[in-house]
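**Student:** Here you go, this is coords23.txt (compact mmCIF, C-alpha atoms).
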# COMPACT_ATOMS: atom_id res chain seq x y z
CA MET A 29 0.00 0.00 0.00
CA GLN A 30 0.94 3.65 -0.35
CA LEU A 31 0.22 5.75 2.72
CA HIS A 32 -0.72 9.39 2.17
CA LEU A 33 -0.36 12.01 4.90
CA LEU A 34 -2.34 15.22 4.45
CA ASP A 35 -1.53 18.60 5.97
CA ALA A 36 -5.16 19.57 6.59
CA THR A 37 -4.26 22.99 8.00
CA TYR A 38 -2.39 23.94 4.84
CA GLU A 39 -5.28 22.69 2.70
CA LEU A 40 -7.74 24.72 4.77
CA PHE A 41 -5.68 27.88 4.23
CA ARG A 42 -5.32 27.12 0.53
CA SER A 43 -9.05 26.68 0.20
CA HIS A 44 -9.86 29.85 2.13
CA PHE A 45 -7.67 32.06 -0.05
CA GLY A 46 -8.19 30.19 -3.31
CA ARG A 47 -11.92 29.74 -3.76
CA PRO A 48 -15.08 31.92 -3.71
CA PRO A 49 -16.64 32.64 -0.30
CA HIS A 50 -19.46 30.42 0.90
CA ALA A 51 -21.76 30.71 3.91
CA ASP A 52 -23.83 28.11 5.74
CA PRO A 53 -27.63 28.49 6.16
CA ALA A 54 -27.01 30.66 9.23
CA GLY A 55 -24.81 33.01 7.22
CA GLN A 56 -21.50 31.92 8.76
CA PRO A 57 -18.47 31.62 6.42
CA VAL A 58 -17.65 27.95 5.77
CA GLY A 59 -16.04 28.16 2.35
CA ALA A 60 -12.64 26.96 3.53
CA THR A 61 -14.19 23.81 5.00
CA VAL A 62 -16.22 23.13 1.87
CA GLY A 63 -13.11 23.51 -0.26
CA LEU A 64 -11.12 21.24 2.04
CA ILE A 65 -13.72 18.49 1.71
CA GLU A 66 -13.89 18.88 -2.05
CA SER A 67 -10.12 18.66 -2.42
CA THR A 68 -9.84 15.70 -0.04
CA LEU A 69 -12.55 13.76 -1.87
CA SER A 70 -10.68 14.41 -5.11
CA LEU A 71 -7.74 12.45 -3.69
CA PHE A 72 -9.91 9.34 -3.76
CA ARG A 73 -11.75 10.14 -6.98
CA GLN A 74 -8.88 11.38 -9.14
CA ASP A 75 -5.64 10.30 -7.48
CA GLY A 76 -6.51 6.81 -6.33
CA VAL A 77 -5.54 7.35 -2.69
CA THR A 78 -6.49 4.36 -0.52
CA HIS A 79 -4.86 4.95 2.89
CA ILE A 80 -4.68 8.40 4.44
CA GLY A 81 -4.08 10.21 7.71
CA CYS A 82 -4.87 13.92 8.13
CA ALA A 83 -3.09 16.15 10.63
CA SER A 84 -4.56 19.47 11.72
CA ASP A 85 -3.67 22.35 14.01
CA HIS A 86 -6.52 22.33 16.50
CA VAL A 87 -4.96 25.53 17.85
CA ILE A 88 -2.23 27.65 16.27
CA ARG A 89 0.06 28.10 19.25
CA SER A 90 2.32 25.17 20.12
CA TRP A 91 5.37 24.25 22.21
CA ARG A 92 7.45 26.33 19.78
CA ASN A 93 5.85 29.54 21.08
CA GLU A 94 7.21 28.73 24.52
CA ARG A 95 10.68 28.29 23.07
CA TYR A 96 10.53 31.41 20.89
CA PRO A 97 7.94 34.18 21.50
CA GLY A 98 8.21 35.40 17.92
CA TYR A 99 6.98 32.11 16.50
CA LYS A 100 3.78 32.23 14.48
CA THR A 101 0.47 32.72 16.28
CA ASP A 102 -3.12 33.33 15.22
CA ALA A 103 -2.54 37.10 15.35
CA GLY A 104 -3.74 38.65 12.12
CA MET A 105 -5.43 35.46 10.96
CA PRO A 106 -8.84 36.04 9.37
CA PRO A 107 -11.37 35.31 12.14
CA GLU A 108 -13.71 33.61 9.68
CA LEU A 109 -10.91 31.15 8.87
CA LEU A 110 -9.83 30.57 12.45
CA ALA A 111 -13.43 29.80 13.42
CA GLN A 112 -13.51 26.93 10.92
CA PHE A 113 -10.66 24.89 12.41
CA PRO A 114 -12.90 22.65 14.60
CA LEU A 115 -15.52 22.44 11.86
CA ALA A 116 -12.92 21.31 9.33
CA GLU A 117 -11.81 18.46 11.59
CA GLU A 118 -15.41 17.39 12.08
CA ALA A 119 -16.08 17.54 8.35
CA LEU A 120 -13.02 15.39 7.57
CA ARG A 121 -14.27 12.75 9.99
CA ALA A 122 -17.66 12.95 8.28
CA ILE A 123 -16.08 11.76 5.02
CA GLY A 124 -14.49 8.83 6.82
CA VAL A 125 -10.84 9.82 7.14
CA VAL A 126 -8.56 9.59 10.16
CA VAL A 127 -7.81 12.99 11.73
CA TRP A 128 -5.02 13.82 14.19
CA PRO A 129 -5.78 17.23 15.82
CA MET A 130 -2.72 18.78 17.43
CA VAL A 131 -2.78 21.06 20.48
CA GLU A 132 0.63 21.17 22.13
CA PHE A 133 2.34 20.05 18.93
CA GLU A 134 1.82 21.17 15.33
CA ALA A 135 0.23 19.32 12.44
CA ASP A 136 3.69 19.18 10.85
CA ASP A 137 4.96 17.26 13.88
CA ALA A 138 2.13 14.74 13.54
CA LEU A 139 2.97 14.21 9.87
CA GLY A 140 6.61 13.73 10.80
CA ALA A 141 5.76 11.23 13.54
CA ALA A 142 3.52 9.28 11.16
CA ALA A 143 6.09 9.23 8.36
CA ASN A 144 8.79 8.15 10.77
CA ARG A 145 6.62 5.40 12.23
CA TRP A 146 5.58 3.80 8.97
CA ALA A 147 8.50 4.49 6.61
CA ASP A 148 10.12 1.16 7.45
CA ASP A 149 6.92 -0.84 7.83
CA PRO A 150 7.07 -3.71 5.30
CA ARG A 151 3.34 -3.32 4.66
CA VAL A 152 3.89 0.23 3.38
CA GLU A 153 5.43 0.62 -0.05
CA ARG A 154 5.85 4.38 0.21
CA VAL A 155 4.77 7.29 2.41
CA VAL A 156 3.63 10.36 0.46
CA VAL A 157 3.50 13.60 2.47
CA LEU A 158 0.92 15.87 0.84
CA SER A 159 2.45 19.24 1.63
CA PRO A 160 4.59 21.77 -0.25
CA ASP A 161 6.09 23.27 2.95
CA LYS A 162 9.86 23.29 2.85
CA ASP A 163 10.22 22.12 6.43
CA MET A 164 8.42 18.90 5.47
CA THR A 165 11.21 17.99 3.04
CA GLN A 166 13.39 16.93 5.98
CA LEU A 167 11.22 13.79 6.03
CA VAL A 168 12.22 12.72 2.52
CA ARG A 169 14.25 9.53 2.51
CA PRO A 170 17.15 8.74 0.13
CA ASP A 171 15.73 5.24 -0.35
CA GLY A 172 12.50 6.70 -1.76
CA ARG A 173 10.36 5.35 1.08
CA VAL A 174 9.19 8.89 1.98
CA VAL A 175 8.54 11.63 -0.57
CA CYS A 176 6.67 14.93 -0.57
CA TYR A 177 4.01 15.89 -3.06
CA ASP A 178 2.92 19.40 -4.02
CA ARG A 179 -0.72 19.02 -5.04
CA ARG A 180 -0.96 22.46 -6.62
CA LYS A 181 2.03 21.88 -8.89
CA ARG A 182 1.40 18.12 -9.11
CA LEU A 183 5.07 17.62 -8.34
CA PHE A 184 6.83 14.91 -6.34
CA LEU A 185 9.92 15.78 -4.32
CA ASP A 186 12.30 12.91 -3.72
CA ALA A 187 15.77 13.29 -2.20
CA ALA A 188 17.35 14.35 -5.51
CA ALA A 189 14.64 16.96 -6.09
CA VAL A 190 15.06 18.36 -2.58
CA GLU A 191 18.79 18.74 -3.12
CA GLU A 192 18.25 20.35 -6.51
CA LYS A 193 15.74 22.82 -5.07
CA PHE A 194 17.54 23.83 -1.88
CA GLY A 195 21.13 22.81 -2.52
CA VAL A 196 21.20 20.55 0.54
CA THR A 197 20.11 17.01 1.34
CA PRO A 198 16.88 16.42 3.30
CA GLU A 199 18.79 15.74 6.52
CA SER A 200 20.25 19.27 6.38
CA ILE A 201 16.93 21.09 5.93
CA PRO A 202 16.58 22.05 9.65
CA ASP A 203 20.15 23.41 9.63
CA TYR A 204 19.41 25.27 6.38
CA LEU A 205 16.27 26.85 7.84
CA ALA A 206 18.17 27.79 11.01
CA LEU A 207 20.57 29.85 8.88
CA VAL A 208 18.18 31.40 6.35
CA GLY A 209 15.07 31.59 8.55
CA ASP A 210 11.45 30.89 7.74
CA SER A 211 9.24 33.99 7.50
CA SER A 212 6.04 31.92 7.45
CA ASP A 213 6.92 30.51 10.88
CA GLY A 214 8.26 33.78 12.27
CA TYR A 215 11.96 33.17 12.90
CA PRO A 216 14.55 35.21 11.00
CA GLY A 217 17.65 33.08 10.61
CA LEU A 218 21.09 34.65 10.95
CA PRO A 219 22.10 38.03 9.48
CA GLY A 220 24.01 37.75 6.22
CA TRP A 221 23.16 34.10 5.65
CA GLY A 222 21.14 33.58 2.50
CA ALA A 223 20.00 30.58 0.50
CA ARG A 224 23.16 30.40 -1.61
CA SER A 225 25.66 30.72 1.21
CA ALA A 226 23.77 28.30 3.45
CA ALA A 227 23.52 25.73 0.67
CA ALA A 228 27.20 26.08 -0.20
CA VAL A 229 28.37 25.62 3.37
CA LEU A 230 25.92 22.86 4.33
CA SER A 231 26.66 20.90 1.17
CA ARG A 232 30.18 20.57 2.59
CA TYR A 233 29.31 20.53 6.33
CA PRO A 234 25.80 19.02 6.59
CA HIS A 235 25.10 20.14 10.17
CA LEU A 236 25.83 23.27 12.18
CA GLU A 237 28.18 21.45 14.54
CA GLU A 238 30.35 20.39 11.61
CA ILE A 239 30.96 23.95 10.37
CA PRO A 240 34.41 25.11 11.58
CA ALA A 241 34.13 28.06 13.96
CA SER A 242 36.82 30.02 12.12
CA ILE A 243 36.98 30.74 8.41
CA ARG A 244 40.52 29.39 8.51
CA GLY A 245 39.06 25.95 9.00
CA TRP A 246 36.76 26.13 5.97
CA ASP A 247 37.94 24.22 2.93
CA LEU A 248 35.56 25.97 0.55
CA SER A 249 35.30 29.50 -0.74
CA VAL A 250 32.09 31.41 0.00
CA ARG A 251 31.60 35.10 -0.64
CA GLY A 252 31.79 36.91 2.69
CA GLY A 253 32.76 33.69 4.41
CA ALA A 254 34.71 35.36 7.21
CA ALA A 255 31.70 37.48 8.19
CA LEU A 256 29.37 34.48 7.97
CA ALA A 257 31.62 32.43 10.22
CA GLN A 258 31.75 35.27 12.72
CA VAL A 259 27.97 35.68 12.76
CA LEU A 260 27.48 31.97 13.28
CA ARG A 261 30.02 31.99 16.11
CA GLU A 262 28.48 35.02 17.81
CA ARG A 263 24.89 33.84 17.37
CA TRP A 264 25.43 30.16 17.93
CA ASP A 265 22.66 29.80 20.51
CA GLU A 266 20.20 31.50 18.16
CA ALA A 267 21.13 29.12 15.36
CA LEU A 268 20.55 26.10 17.58
CA LEU A 269 17.19 27.51 18.70
CA TYR A 270 16.05 28.14 15.13
CA ARG A 271 17.10 24.62 14.16
CA GLU A 272 15.08 23.27 17.07
CA LEU A 273 12.04 25.18 15.80
CA ALA A 274 12.58 23.83 12.29
CA THR A 275 13.03 20.22 13.36
CA LEU A 276 9.88 18.09 13.30
CA ARG A 277 9.09 16.27 16.52
CA MET A 278 8.82 12.54 15.99
CA ASP A 279 7.23 12.13 19.42
CA ALA A 280 4.04 13.98 18.48
CA PRO A 281 1.07 12.16 20.05
CA ILE A 282 -0.66 10.24 17.29
CA PRO A 283 -2.63 7.06 18.08
CA GLN A 284 -0.95 3.67 17.99
CA GLN A 285 -2.66 2.64 14.77
CA GLN A 286 -1.77 0.04 12.18
CA PRO A 287 -1.41 1.10 8.52
CA ASP A 288 -4.58 -0.74 7.50
CA GLU A 289 -6.54 1.35 10.01
CA LEU A 290 -5.91 4.32 7.73
CA GLU A 291 -7.67 2.69 4.81
CA TRP A 292 -10.47 4.84 3.48
CA GLY A 293 -13.68 2.83 3.30
CA GLY A 294 -15.89 5.36 1.57
CA VAL A 295 -18.06 8.22 2.82
CA PRO A 296 -20.43 7.33 5.69
CA ARG A 297 -23.81 8.39 4.34
CA GLU A 298 -25.63 9.66 7.43
CA PRO A 299 -22.96 11.86 9.07
CA PHE A 300 -21.91 13.20 5.69
CA THR A 301 -25.48 14.10 4.69
CA THR A 302 -25.90 15.90 8.00
CA MET A 303 -22.64 17.77 7.43
CA VAL A 304 -23.67 18.78 3.90
CA GLU A 305 -26.90 20.24 5.27
CA ARG A 306 -24.99 22.05 7.99
CA LEU A 307 -22.59 23.56 5.45
CA GLY A 308 -25.33 24.39 2.97
CA ALA A 309 -23.24 22.77 0.24
CA ASP A 310 -25.50 20.34 -1.63
CA GLN A 311 -22.97 20.12 -4.45
CA LEU A 312 -20.77 18.00 -2.21
CA MET A 313 -23.17 15.08 -2.65
CA ASP A 314 -22.13 14.90 -6.30
CA ARG A 315 -18.43 14.75 -5.33
CA VAL A 316 -18.66 11.50 -3.37
CA PRO A 317 -16.69 8.80 -5.24
CA ARG A 318 -17.91 5.93 -3.04
CA TRP A 319 -20.28 5.43 -0.14
CA ALA A 320 -19.18 3.40 2.87
CA ALA A 321 -20.55 -0.11 3.02
Starting from the coordinates I provided, produce the structure as structure tokens.

**Tutor:**
Amino acid sequence: MQLHLLDATYELFRSHFGRPPHADPAGQPVGATVGLIESTLSLFRQDGVTHIGCASDHVIRSWRNERYPGYKTDAGMPPELLAQFPLAEEALRAIGVVVWPMVEFEADDALGAAANRWADDPRVERVVVLSPDKDMTQLVRPDGRVVCYDRRKRLFLDAAAVEEKFGVTPESIPDYLALVGDSSDGYPGLPGWGARSAAAVLSRYPHLEEIPASIRGWDLSVRGGAALAQVLRERWDEALLYRELATLRMDAPIPQQQPDELEWGGVPREPFTTMVERLGADQLMDRVPRWAA
């Protein structure tokens, strides 16, 4: 079997900003949830997905906010989108998929824990992480057992593609993000370090600890290398903190399930019909590829 892992939070955001607004019979915005259900059902109808687990951010704040106050929060998030988080989880369950809502951890951590758990399971041919986020590429395995898939671009990212895109191997992605930062998550990286310099240095020294403290120890030439080495030396604790933020937690609390428990058995008719009425989205009935037995 192939096991697909869906970043439901990302899909909810993508739906909110990428489709026309829609309100339920009470006038409340539910368009993001409707779009999420449509796109998830298309995985079964068009892409032939059979086994799937969905991770969601039940709340936005996580353990990372305790480690770094500047980490992303729900500040500035559209309230009509934030209000749909619990509804989206309920709607996903209504179409018969497994949902892992995260509170202390992030959805990304749950995806990482799931990929790590089942990557070596002999019953699983391949784990496909359905997310375009660059921090998810650290999960990609050189043996091809874990890959990422960008649904919008319809593009797979294996280890070779990750290295071509970022200039580093998947194992160095947290170190790369520690140096260059991640604006979407709210941490800045180190001054002077950009994508090119980070890729050049990490392609030779894959992890921060392996980078010589002094430029005299570097056996590669990088523009402004002396200044970069000095910044890394002076801001070493910051770099380690940013790498910690970028590193997915494999101990995220997901249930002790077997791969076959993630098999999609079709849409349960009664809870789905109730959800369709609640959303005021009758068109969803025509999107169902298969009803549950």

**Student:** Can you tell me, as a PDB file with C-alpha atoms, in the coordinates of the input, what residues are no more than 10 Å from A:Arg261 when counting only C-alpha atoms, ignoring any on the same chain fewer than 4 positions away?

**Tutor:**
ATOM      1  CA  ILE A 239      30.960  23.950  10.370  1.00  0.00           C
ATOM      2  CA  PRO A 240      34.410  25.110  11.580  1.00  0.00           C
ATOM      3  CA  ALA A 241      34.130  28.060  13.960  1.00  0.00           C
ATOM      4  CA  SER A 242      36.820  30.020  12.120  1.00  0.00           C
ATOM      5  CA  ALA A 255      31.700  37.480   8.190  1.00  0.00           C
ATOM      6  CA  LEU A 256      29.370  34.480   7.970  1.00  0.00           C
ATOM      7  CA  ALA A 257      31.620  32.430  10.220  1.00  0.00           C
ATOM      8  CA  ASP A 265      22.660  29.800  20.510  1.00  0.00           C
ATOM      9  CA  ALA A 267      21.130  29.120  15.360  1.00  0.00           C
TER      10      ALA A 267
END

**Student:** Within 9 Å of A:Met303, counting all atoms listed in the file, which residues show up once you throw out same-chain ones fewer than 6 positions away? Write them as a ChimeraX atom specification, please.

**Tutor:** /A:118-119,122,309

**Student:** Between A:Ser70, A:Gly104, A:Arg145, A:Glu39, which has the minimum distance to A:Gln285 (counting only C-alpha atoms)?

**Tutor:**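 Closest residue, counting only C-alpha atoms: A:Arg145.
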
**Student:** Could you list, as a ChimeraX atom specification, every residue within 9 Å of A:Val127, counting only C-alpha atoms and ignoring same-chain residues fewer than 4 positions away?

**Tutor:** /A:36,81-84,117-118,120-121

**Student:** Tell me, in Å to one decimal, how far atom CA of A:Asp213 is from atom CA of A:Arg173.

**Tutor:**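 Interatomic distance, atom CA of A:Asp213 to atom CA of A:Arg173: 27.2 Å.
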
**Student:** For A:His86, which residue among A:Leu64, A:Val131, A:Leu71, A:Val58 is the nearest when counting all atoms listed in the file?

**Tutor:** A:Val131
